[in-house]
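Chemist: input-v8.pdb (PDB, C-alpha atoms) pasted underneath:
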MODEL        1
ATOM      1  CA  MET Y   1     200.897  29.305 132.378  1.00  0.00           C
ATOM      2  CA  THR Y   2     197.878  31.597 132.597  1.00  0.00           C
ATOM      3  CA  LEU Y   3     195.436  32.319 129.819  1.00  0.00           C
ATOM      4  CA  LYS Y   4     194.744  35.995 129.147  1.00  0.00           C
ATOM      5  CA  GLY Y   5     191.123  35.799 128.113  1.00  0.00           C
ATOM      6  CA  PRO Y   6     187.940  33.741 128.330  1.00  0.00           C
ATOM      7  CA  MET Y   7     188.161  30.377 126.611  1.00  0.00           C
ATOM      8  CA  PRO Y   8     185.130  28.200 125.844  1.00  0.00           C
ATOM      9  CA  VAL Y   9     185.575  24.767 127.367  1.00  0.00           C
ATOM     10  CA  ALA Y  10     184.725  23.253 123.994  1.00  0.00           C
ATOM     11  CA  ASP Y  11     188.039  24.645 122.683  1.00  0.00           C
ATOM     12  CA  VAL Y  12     190.135  22.918 125.334  1.00  0.00           C
ATOM     13  CA  ALA Y  13     189.777  19.282 124.361  1.00  0.00           C
ATOM     14  CA  PRO Y  14     187.639  18.896 121.237  1.00  0.00           C
ATOM     15  CA  SER Y  15     186.462  15.409 120.423  1.00  0.00           C
ATOM     16  CA  SER Y  16     184.290  13.803 117.797  1.00  0.00           C
ATOM     17  CA  ASN Y  17     181.042  12.195 118.996  1.00  0.00           C
ATOM     18  CA  HIS Y  18     181.385  14.014 122.299  1.00  0.00           C
ATOM     19  CA  VAL Y  19     178.804  12.788 124.827  1.00  0.00           C
ATOM     20  CA  GLY Y  20     179.598  15.383 127.483  1.00  0.00           C
ATOM     21  CA  ARG Y  21     181.949  16.353 130.273  1.00  0.00           C
ATOM     22  CA  LEU Y  22     181.769  16.661 134.025  1.00  0.00           C
ATOM     23  CA  ILE Y  23     183.354  19.905 135.225  1.00  0.00           C
ATOM     24  CA  LEU Y  24     184.605  20.564 138.745  1.00  0.00           C
ATOM     25  CA  ALA Y  25     185.451  24.158 139.646  1.00  0.00           C
ATOM     26  CA  PRO Y  26     185.796  26.419 142.695  1.00  0.00           C
ATOM     27  CA  ARG Y  27     182.382  27.590 143.873  1.00  0.00           C
ATOM     28  CA  ASP Y  28     183.609  31.189 143.705  1.00  0.00           C
ATOM     29  CA  ALA Y  29     184.373  31.825 140.022  1.00  0.00           C
ATOM     30  CA  GLU Y  30     187.063  34.379 140.895  1.00  0.00           C
ATOM     31  CA  VAL Y  31     189.064  31.959 143.047  1.00  0.00           C
ATOM     32  CA  CYS Y  32     192.033  30.353 141.303  1.00  0.00           C
ATOM     33  CA  PRO Y  33     194.082  27.705 143.140  1.00  0.00           C
ATOM     34  CA  ASP Y  34     197.543  26.862 141.847  1.00  0.00           C
ATOM     35  CA  ARG Y  35     197.194  24.539 138.844  1.00  0.00           C
ATOM     36  CA  ASP Y  36     200.448  22.602 139.336  1.00  0.00           C
ATOM     37  CA  ARG Y  37     199.565  21.898 142.950  1.00  0.00           C
ATOM     38  CA  LEU Y  38     196.087  20.789 141.886  1.00  0.00           C
ATOM     39  CA  VAL Y  39     197.543  18.343 139.358  1.00  0.00           C
ATOM     40  CA  ARG Y  40     199.820  16.903 142.042  1.00  0.00           C
ATOM     41  CA  ILE Y  41     196.862  16.487 144.373  1.00  0.00           C
ATOM     42  CA  LEU Y  42     194.844  14.678 141.708  1.00  0.00           C
ATOM     43  CA  SER Y  43     197.792  12.427 140.938  1.00  0.00           C
ATOM     44  CA  GLU Y  44     198.499  11.602 144.593  1.00  0.00           C
ATOM     45  CA  ALA Y  45     194.815  10.855 145.148  1.00  0.00           C
ATOM     46  CA  GLY Y  46     194.833   8.431 142.204  1.00  0.00           C
ATOM     47  CA  PHE Y  47     192.263  10.425 140.242  1.00  0.00           C
ATOM     48  CA  ILE Y  48     194.645  10.875 137.301  1.00  0.00           C
ATOM     49  CA  ALA Y  49     197.535   8.835 135.940  1.00  0.00           C
ATOM     50  CA  GLU Y  50     200.157   9.734 133.326  1.00  0.00           C
ATOM     51  CA  ARG Y  51     199.920  12.463 130.728  1.00  0.00           C
ATOM     52  CA  ILE Y  52     198.399  11.700 127.327  1.00  0.00           C
ATOM     53  CA  PRO Y  53     201.123  12.665 124.832  1.00  0.00           C
ATOM     54  CA  ASP Y  54     198.949  13.867 121.940  1.00  0.00           C
ATOM     55  CA  ARG Y  55     196.426  15.893 123.971  1.00  0.00           C
ATOM     56  CA  ASP Y  56     197.145  19.184 125.704  1.00  0.00           C
ATOM     57  CA  TRP Y  57     196.802  19.160 129.512  1.00  0.00           C
ATOM     58  CA  ALA Y  58     195.158  15.717 129.389  1.00  0.00           C
ATOM     59  CA  TYR Y  59     195.681  12.717 131.686  1.00  0.00           C
ATOM     60  CA  LEU Y  60     194.595   9.102 131.773  1.00  0.00           C
ATOM     61  CA  VAL Y  61     192.231   8.211 134.590  1.00  0.00           C
ATOM     62  CA  GLY Y  62     193.978   6.936 137.713  1.00  0.00           C
ATOM     63  CA  PRO Y  63     193.457   3.798 139.828  1.00  0.00           C
ATOM     64  CA  GLU Y  64     191.083   5.588 142.257  1.00  0.00           C
ATOM     65  CA  PHE Y  65     189.053   7.337 139.553  1.00  0.00           C
ATOM     66  CA  SER Y  66     185.960   5.165 139.983  1.00  0.00           C
ATOM     67  CA  ALA Y  67     186.183   5.465 143.775  1.00  0.00           C
ATOM     68  CA  LEU Y  68     186.224   9.273 143.741  1.00  0.00           C
ATOM     69  CA  LEU Y  69     183.280   9.502 141.341  1.00  0.00           C
ATOM     70  CA  ALA Y  70     179.919   7.867 141.988  1.00  0.00           C
ATOM     71  CA  PHE Y  71     178.473   6.449 138.782  1.00  0.00           C
ATOM     72  CA  VAL Y  72     174.705   6.414 138.400  1.00  0.00           C
ATOM     73  CA  GLY Y  73     172.908   3.377 136.995  1.00  0.00           C
ATOM     74  CA  CYS Y  74     173.636  -0.309 136.783  1.00  0.00           C
ATOM     75  CA  ALA Y  75     176.836  -1.694 135.273  1.00  0.00           C
ATOM     76  CA  VAL Y  76     178.053   1.610 133.824  1.00  0.00           C
ATOM     77  CA  ALA Y  77     180.839   0.900 131.334  1.00  0.00           C
ATOM     78  CA  ILE Y  78     183.345   3.753 130.862  1.00  0.00           C
ATOM     79  CA  GLU Y  79     185.857   3.441 128.038  1.00  0.00           C
ATOM     80  CA  SER Y  80     189.203   4.769 129.303  1.00  0.00           C
ATOM     81  CA  ASP Y  81     191.606   3.173 126.818  1.00  0.00           C
ATOM     82  CA  PRO Y  82     192.895   5.626 124.170  1.00  0.00           C
ATOM     83  CA  GLN Y  83     194.088   2.708 122.062  1.00  0.00           C
ATOM     84  CA  THR Y  84     190.548   1.953 120.930  1.00  0.00           C
ATOM     85  CA  GLY Y  85     190.675   4.892 118.525  1.00  0.00           C
ATOM     86  CA  GLY Y  86     187.285   6.257 119.606  1.00  0.00           C
ATOM     87  CA  PRO Y  87     186.174   8.660 122.346  1.00  0.00           C
ATOM     88  CA  PHE Y  88     187.502   7.663 125.760  1.00  0.00           C
ATOM     89  CA  CYS Y  89     187.179   8.951 129.302  1.00  0.00           C
ATOM     90  CA  HIS Y  90     190.099  11.088 130.458  1.00  0.00           C
ATOM     91  CA  VAL Y  91     190.794  14.146 132.611  1.00  0.00           C
ATOM     92  CA  VAL Y  92     191.833  17.599 131.380  1.00  0.00           C
ATOM     93  CA  VAL Y  93     193.197  20.346 133.638  1.00  0.00           C
ATOM     94  CA  PRO Y  94     193.678  23.401 131.391  1.00  0.00           C
ATOM     95  CA  PRO Y  95     195.793  26.408 132.414  1.00  0.00           C
ATOM     96  CA  ALA Y  96     194.081  28.996 134.566  1.00  0.00           C
ATOM     97  CA  SER Y  97     192.578  32.070 132.928  1.00  0.00           C
ATOM     98  CA  VAL Y  98     193.016  35.646 134.127  1.00  0.00           C
ATOM     99  CA  ASN Y  99     189.240  36.118 134.253  1.00  0.00           C
ATOM    100  CA  PRO Y 100     186.414  33.593 134.761  1.00  0.00           C
ATOM    101  CA  ARG Y 101     185.768  31.694 131.554  1.00  0.00           C
ATOM    102  CA  TRP Y 102     182.267  30.822 130.365  1.00  0.00           C
ATOM    103  CA  CYS Y 103     181.668  27.048 130.399  1.00  0.00           C
ATOM    104  CA  HIS Y 104     178.572  26.143 128.415  1.00  0.00           C
ATOM    105  CA  GLY Y 105     177.130  23.763 125.831  1.00  0.00           C
ATOM    106  CA  ARG Y 106     173.993  22.662 124.060  1.00  0.00           C
ATOM    107  CA  ASN Y 107     172.516  21.555 127.396  1.00  0.00           C
ATOM    108  CA  THR Y 108     172.874  25.012 129.008  1.00  0.00           C
ATOM    109  CA  ARG Y 109     169.582  26.671 129.976  1.00  0.00           C
ATOM    110  CA  ALA Y 110     168.525  30.054 131.361  1.00  0.00           C
ATOM    111  CA  PRO Y 111     169.884  30.669 134.873  1.00  0.00           C
ATOM    112  CA  ARG Y 112     167.730  31.613 137.846  1.00  0.00           C
ATOM    113  CA  CYS Y 113     168.011  34.614 140.135  1.00  0.00           C
ATOM    114  CA  PRO Y 114     169.605  33.439 143.404  1.00  0.00           C
ATOM    115  CA  GLY Y 115     167.074  35.590 145.276  1.00  0.00           C
ATOM    116  CA  CYS Y 116     163.603  35.186 143.762  1.00  0.00           C
ATOM    117  CA  ARG Y 117     164.367  32.220 141.420  1.00  0.00           C
ATOM    118  CA  ALA Y 118     163.093  34.033 138.307  1.00  0.00           C
ATOM    119  CA  ARG Y 119     164.647  32.938 135.009  1.00  0.00           C
ATOM    120  CA  LEU Y 120     166.853  35.279 132.965  1.00  0.00           C
ATOM    121  CA  SER Y 121     165.330  34.999 129.496  1.00  0.00           C
ATOM    122  CA  ASP Y 122     167.931  37.139 127.700  1.00  0.00           C
ATOM    123  CA  TRP Y 123     170.903  35.279 129.153  1.00  0.00           C
ATOM    124  CA  PRO Y 124     172.709  34.793 125.791  1.00  0.00           C
ATOM    125  CA  LEU Y 125     172.946  38.584 125.415  1.00  0.00           C
ATOM    126  CA  ARG Y 126     174.098  38.985 129.014  1.00  0.00           C
ATOM    127  CA  VAL Y 127     176.822  36.385 128.569  1.00  0.00           C
ATOM    128  CA  GLU Y 128     177.932  38.047 125.331  1.00  0.00           C
ATOM    129  CA  GLN Y 129     178.264  41.351 127.181  1.00  0.00           C
ATOM    130  CA  PHE Y 130     180.286  39.610 129.900  1.00  0.00           C
ATOM    131  CA  GLU Y 131     182.659  38.063 127.365  1.00  0.00           C
ATOM    132  CA  GLU Y 132     183.128  41.368 125.562  1.00  0.00           C
ATOM    133  CA  SER Y 133     184.012  43.045 128.846  1.00  0.00           C
ATOM    134  CA  ALA Y 134     186.336  40.191 129.877  1.00  0.00           C
ATOM    135  CA  SER Y 135     188.271  40.530 126.614  1.00  0.00           C
ATOM    136  CA  MET Y 136     189.107  44.174 127.323  1.00  0.00           C
ATOM    137  CA  PRO Y 137     192.413  45.241 128.941  1.00  0.00           C
ATOM    138  CA  GLY Y 138     192.242  45.483 132.713  1.00  0.00           C
ATOM    139  CA  ALA Y 139     191.870  49.263 132.884  1.00  0.00           C
ATOM    140  CA  ASP Y 140     188.944  49.194 130.434  1.00  0.00           C
ATOM    141  CA  ARG Y 141     187.150  46.160 131.845  1.00  0.00           C
ATOM    142  CA  GLN Y 142     183.838  46.795 133.554  1.00  0.00           C
ATOM    143  CA  GLU Y 143     182.017  44.378 135.839  1.00  0.00           C
ATOM    144  CA  THR Y 144     178.437  45.005 134.749  1.00  0.00           C
ATOM    145  CA  ALA Y 145     175.724  43.663 137.013  1.00  0.00           C
ATOM    146  CA  VAL Y 146     172.577  42.043 135.643  1.00  0.00           C
ATOM    147  CA  ASP Y 147     169.270  43.267 137.054  1.00  0.00           C
ATOM    148  CA  CYS Y 148     166.738  40.545 137.775  1.00  0.00           C
ATOM    149  CA  PRO Y 149     163.599  41.304 135.701  1.00  0.00           C
ATOM    150  CA  THR Y 150     161.389  40.215 138.619  1.00  0.00           C
ATOM    151  CA  CYS Y 151     162.926  41.354 141.925  1.00  0.00           C
ATOM    152  CA  GLY Y 152     165.335  43.975 140.577  1.00  0.00           C
ATOM    153  CA  GLU Y 153     168.353  42.580 142.449  1.00  0.00           C
ATOM    154  CA  ALA Y 154     171.615  43.271 140.583  1.00  0.00           C
ATOM    155  CA  ARG Y 155     174.256  40.534 140.408  1.00  0.00           C
ATOM    156  CA  PRO Y 156     177.167  39.659 138.075  1.00  0.00           C
ATOM    157  CA  ILE Y 157     176.112  37.080 135.471  1.00  0.00           C
ATOM    158  CA  ARG Y 158     178.559  34.536 136.897  1.00  0.00           C
ATOM    159  CA  SER Y 159     176.770  34.557 140.272  1.00  0.00           C
ATOM    160  CA  TRP Y 160     173.357  33.563 138.844  1.00  0.00           C
ATOM    161  CA  ASP Y 161     172.239  29.990 139.475  1.00  0.00           C
ATOM    162  CA  TRP Y 162     173.134  27.901 136.412  1.00  0.00           C
ATOM    163  CA  LYS Y 163     172.247  24.668 138.183  1.00  0.00           C
ATOM    164  CA  ARG Y 164     174.307  21.780 136.767  1.00  0.00           C
ATOM    165  CA  GLN Y 165     174.175  23.075 133.170  1.00  0.00           C
ATOM    166  CA  GLY Y 166     176.948  25.646 132.978  1.00  0.00           C
ATOM    167  CA  GLY Y 167     179.003  28.134 134.921  1.00  0.00           C
ATOM    168  CA  PHE Y 168     182.113  30.264 135.171  1.00  0.00           C
ATOM    169  CA  ALA Y 169     185.588  29.426 136.439  1.00  0.00           C
ATOM    170  CA  ARG Y 170     189.231  30.471 136.179  1.00  0.00           C
ATOM    171  CA  LEU Y 171     190.557  26.998 136.986  1.00  0.00           C
ATOM    172  CA  LEU Y 172     188.675  23.774 136.366  1.00  0.00           C
ATOM    173  CA  ILE Y 173     188.901  20.006 136.119  1.00  0.00           C
ATOM    174  CA  GLN Y 174     187.231  18.410 133.090  1.00  0.00           C
ATOM    175  CA  VAL Y 175     186.260  14.754 133.004  1.00  0.00           C
ATOM    176  CA  GLU Y 176     185.705  14.054 129.325  1.00  0.00           C
ATOM    177  CA  GLU Y 177     183.164  11.642 127.816  1.00  0.00           C
ATOM    178  CA  ILE Y 178     180.755  11.682 130.753  1.00  0.00           C
ATOM    179  CA  PHE Y 179     177.061  12.044 129.932  1.00  0.00           C
ATOM    180  CA  PRO Y 180     175.281  14.679 132.093  1.00  0.00           C
ATOM    181  CA  GLY Y 181     174.326  13.073 135.392  1.00  0.00           C
ATOM    182  CA  GLU Y 182     176.199   9.859 134.654  1.00  0.00           C
ATOM    183  CA  ALA Y 183     178.841  10.477 137.312  1.00  0.00           C
ATOM    184  CA  VAL Y 184     178.870  12.611 140.460  1.00  0.00           C
ATOM    185  CA  PRO Y 185     181.926  13.539 142.555  1.00  0.00           C
ATOM    186  CA  THR Y 186     181.748  11.894 145.956  1.00  0.00           C
ATOM    187  CA  GLU Y 187     181.566  13.994 149.110  1.00  0.00           C
ATOM    188  CA  GLY Y 188     185.000  12.657 149.992  1.00  0.00           C
ATOM    189  CA  PHE Y 189     186.452  13.901 146.717  1.00  0.00           C
ATOM    190  CA  LEU Y 190     184.912  17.361 147.145  1.00  0.00           C
ATOM    191  CA  ARG Y 191     186.248  17.538 150.724  1.00  0.00           C
ATOM    192  CA  LEU Y 192     189.686  16.490 149.492  1.00  0.00           C
ATOM    193  CA  LEU Y 193     189.683  19.310 146.933  1.00  0.00           C
ATOM    194  CA  GLU Y 194     188.477  21.803 149.535  1.00  0.00           C
ATOM    195  CA  ARG Y 195     191.163  20.835 152.060  1.00  0.00           C
ATOM    196  CA  ALA Y 196     193.916  20.904 149.458  1.00  0.00           C
ATOM    197  CA  THR Y 197     192.979  24.215 147.826  1.00  0.00           C
ATOM    198  CA  GLY Y 198     191.336  26.127 150.653  1.00  0.00           C
ATOM    199  CA  CYS Y 199     188.098  26.749 148.759  1.00  0.00           C
ATOM    200  CA  ALA Y 200     184.744  25.047 148.230  1.00  0.00           C
ATOM    201  CA  TRP Y 201     184.110  23.284 144.892  1.00  0.00           C
ATOM    202  CA  ARG Y 202     181.045  22.704 142.730  1.00  0.00           C
ATOM    203  CA  TYR Y 203     180.320  20.595 139.662  1.00  0.00           C
ATOM    204  CA  PHE Y 204     178.201  20.738 136.522  1.00  0.00           C
ATOM    205  CA  TYR Y 205     177.933  19.210 133.055  1.00  0.00           C
ATOM    206  CA  VAL Y 206     178.509  20.523 129.534  1.00  0.00           C
ATOM    207  CA  GLN Y 207     177.773  18.949 126.165  1.00  0.00           C
ATOM    208  CA  ASP Y 208     179.411  20.304 122.986  1.00  0.00           C
TER     209      ASP Y 208
ENDMDL
END
Please, can you express the file's structure as structure tokens?

Modeler:
Amino acid sequence: MTLKGPMPVADVAPSSNHVGRLILAPRDAEVCPDRDRLVRILSEAGFIAERIPDRDWAYLVGPEFSALLAFVGCAVAIESDPQTGGPFCHVVVPPASVNPRWCHGRNTRAPRCPGCRARLSDWPLRVEQFEESASMPGADRQETAVDCPTCGEARPIRSWDWKRQGGFARLLIQVEEIFPGEAVPTEGFLRLLERATGCAWRYFYVQD
């Protein structure tokens, strides 16, 4: 299954009292590994367990979950039992989208130019223009570059440096109910994903 348009991450797995999510995605926003193969890899690695019946594309955390993520702080307690009735940590792997989708939240800030590091102050307008273009049929879609207001370098909005506060991706892994910075994928986990999919991966955080 492939989505035909951009889809905000917040629409994938909505949750009340959402504290945040850790997102892993290919470093190149245009790259799209096979989703079914990715799910198998995550399952074989013990990162995910069985499907969660009442949530689309969602999985319980697996036995190696806490070994593949490095949790920051002392005695971090992650609730992973859906039977509690409240928010719980789980993994979502939504279907791939035809075009890079915009992953953002209330923690997202202005990106920086990869060249001169200047901030893009009108980034909400630029993202809106990107989403409007991405929603057009293929023949009408235009990849408009964004000129840096300081150095003049032109780059697509998805290639600006969003740090760990947002980004673009066609295929992604969402770890729900993770506060920004609370957990970091280990180097071993990132290498595993790279070997299995043939592309480098990055990570960032989004809060609804």

Chemist: Point out the residue among Y:Asp147, Y:Asp161, Y:Asp56, Y:Glu128 with the least atom-to-atom distance to Pro111 of chain Y, counting only C-alpha atoms.

Modeler: Y:Asp161

Chemist: Compare Y:Thr150, Y:Gln165, Y:Thr144, Y:Ser66 by their minimum atom-to-atom distance to Phe179 of chain Y, counting all atoms listed in the file, and give me the closest one.

Modeler: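 Among Y:Thr150, Y:Gln165, Y:Thr144, Y:Ser66, it is Y:Gln165 that comes nearest to Phe179 of chain Y.
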
Chemist: To test your reading of the syntax: which residues would the PyMOL selection byres ((chain Y and resi 63) around 10) return for the file shown? Reply as a compact mmCIF listing (two decimals) with C-alpha atoms, in the frame of the given file.

Modeler:
# COMPACT_ATOMS: atom_id res chain seq x y z
CA SER Y 43 197.79 12.43 140.94
CA ALA Y 45 194.82 10.86 145.15
CA GLY Y 46 194.83 8.43 142.20
CA PHE Y 47 192.26 10.42 140.24
CA ILE Y 48 194.64 10.88 137.30
CA ALA Y 49 197.54 8.84 135.94
CA LEU Y 60 194.60 9.10 131.77
CA VAL Y 61 192.23 8.21 134.59
CA GLY Y 62 193.98 6.94 137.71
CA GLU Y 64 191.08 5.59 142.26
CA PHE Y 65 189.05 7.34 139.55
CA SER Y 66 185.96 5.16 139.98
CA ALA Y 67 186.18 5.46 143.78
CA LEU Y 68 186.22 9.27 143.74

Chemist: Run the PyMOL selection byres ((chain Y and resi 171-174) around 6) mentally over the shown coordinates, then write out the matched residues as a compact mmCIF listing (two decimals) with C-alpha atoms, keeping the file's coordinate frame, using the chain letters and numbers from the document.

Modeler:
# COMPACT_ATOMS: atom_id res chain seq x y z
CA LEU Y 22 181.77 16.66 134.02
CA ILE Y 23 183.35 19.90 135.22
CA LEU Y 24 184.60 20.56 138.74
CA ALA Y 25 185.45 24.16 139.65
CA CYS Y 32 192.03 30.35 141.30
CA VAL Y 91 190.79 14.15 132.61
CA VAL Y 92 191.83 17.60 131.38
CA VAL Y 93 193.20 20.35 133.64
CA ALA Y 96 194.08 29.00 134.57
CA ALA Y 169 185.59 29.43 136.44
CA ARG Y 170 189.23 30.47 136.18
CA VAL Y 175 186.26 14.75 133.00
CA GLU Y 176 185.70 14.05 129.32

Chemist: With only C-alpha atoms as the counted atoms, please give the residues lying no more than 12 Å from Arg109 of chain Y, apart from itself and same-chain residues fewer than 2 positions off, as a ChimeraX atom specification.

Modeler: /Y:104-107,111-112,119-124,160-167,205-207

Chemist: Counting only C-alpha atoms, which residues sit no farther than 9 Å from the position (187.1, 26.9, 149.1) in the file's frame? I'd like them as a PyMOL selection string.

Modeler: chain Y and resi 26-28+31+193-195+197-201

Chemist: Do you know which residues lie at most 9 Å from (177.2, 39.8, 139.4), with coordinates as in the file and all atoms listed in the file counted, and could you write them as a list in words?

Modeler: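 Output of the proximity query reads Glu143, Thr144, Ala145, Val146, Asp147, Ala154, Arg155, Pro156, Ile157, Arg158, Ser159 and Trp160 of chain Y.
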
Chemist: Enter the distance from atom CA of Arg126 of chain Y to atom CA of Trp102 of chain Y, in Å, rounded to one decimal.

Modeler: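 For atom CA of Arg126 of chain Y relative to atom CA of Trp102 of chain Y, the distance reads 11.6 Å.
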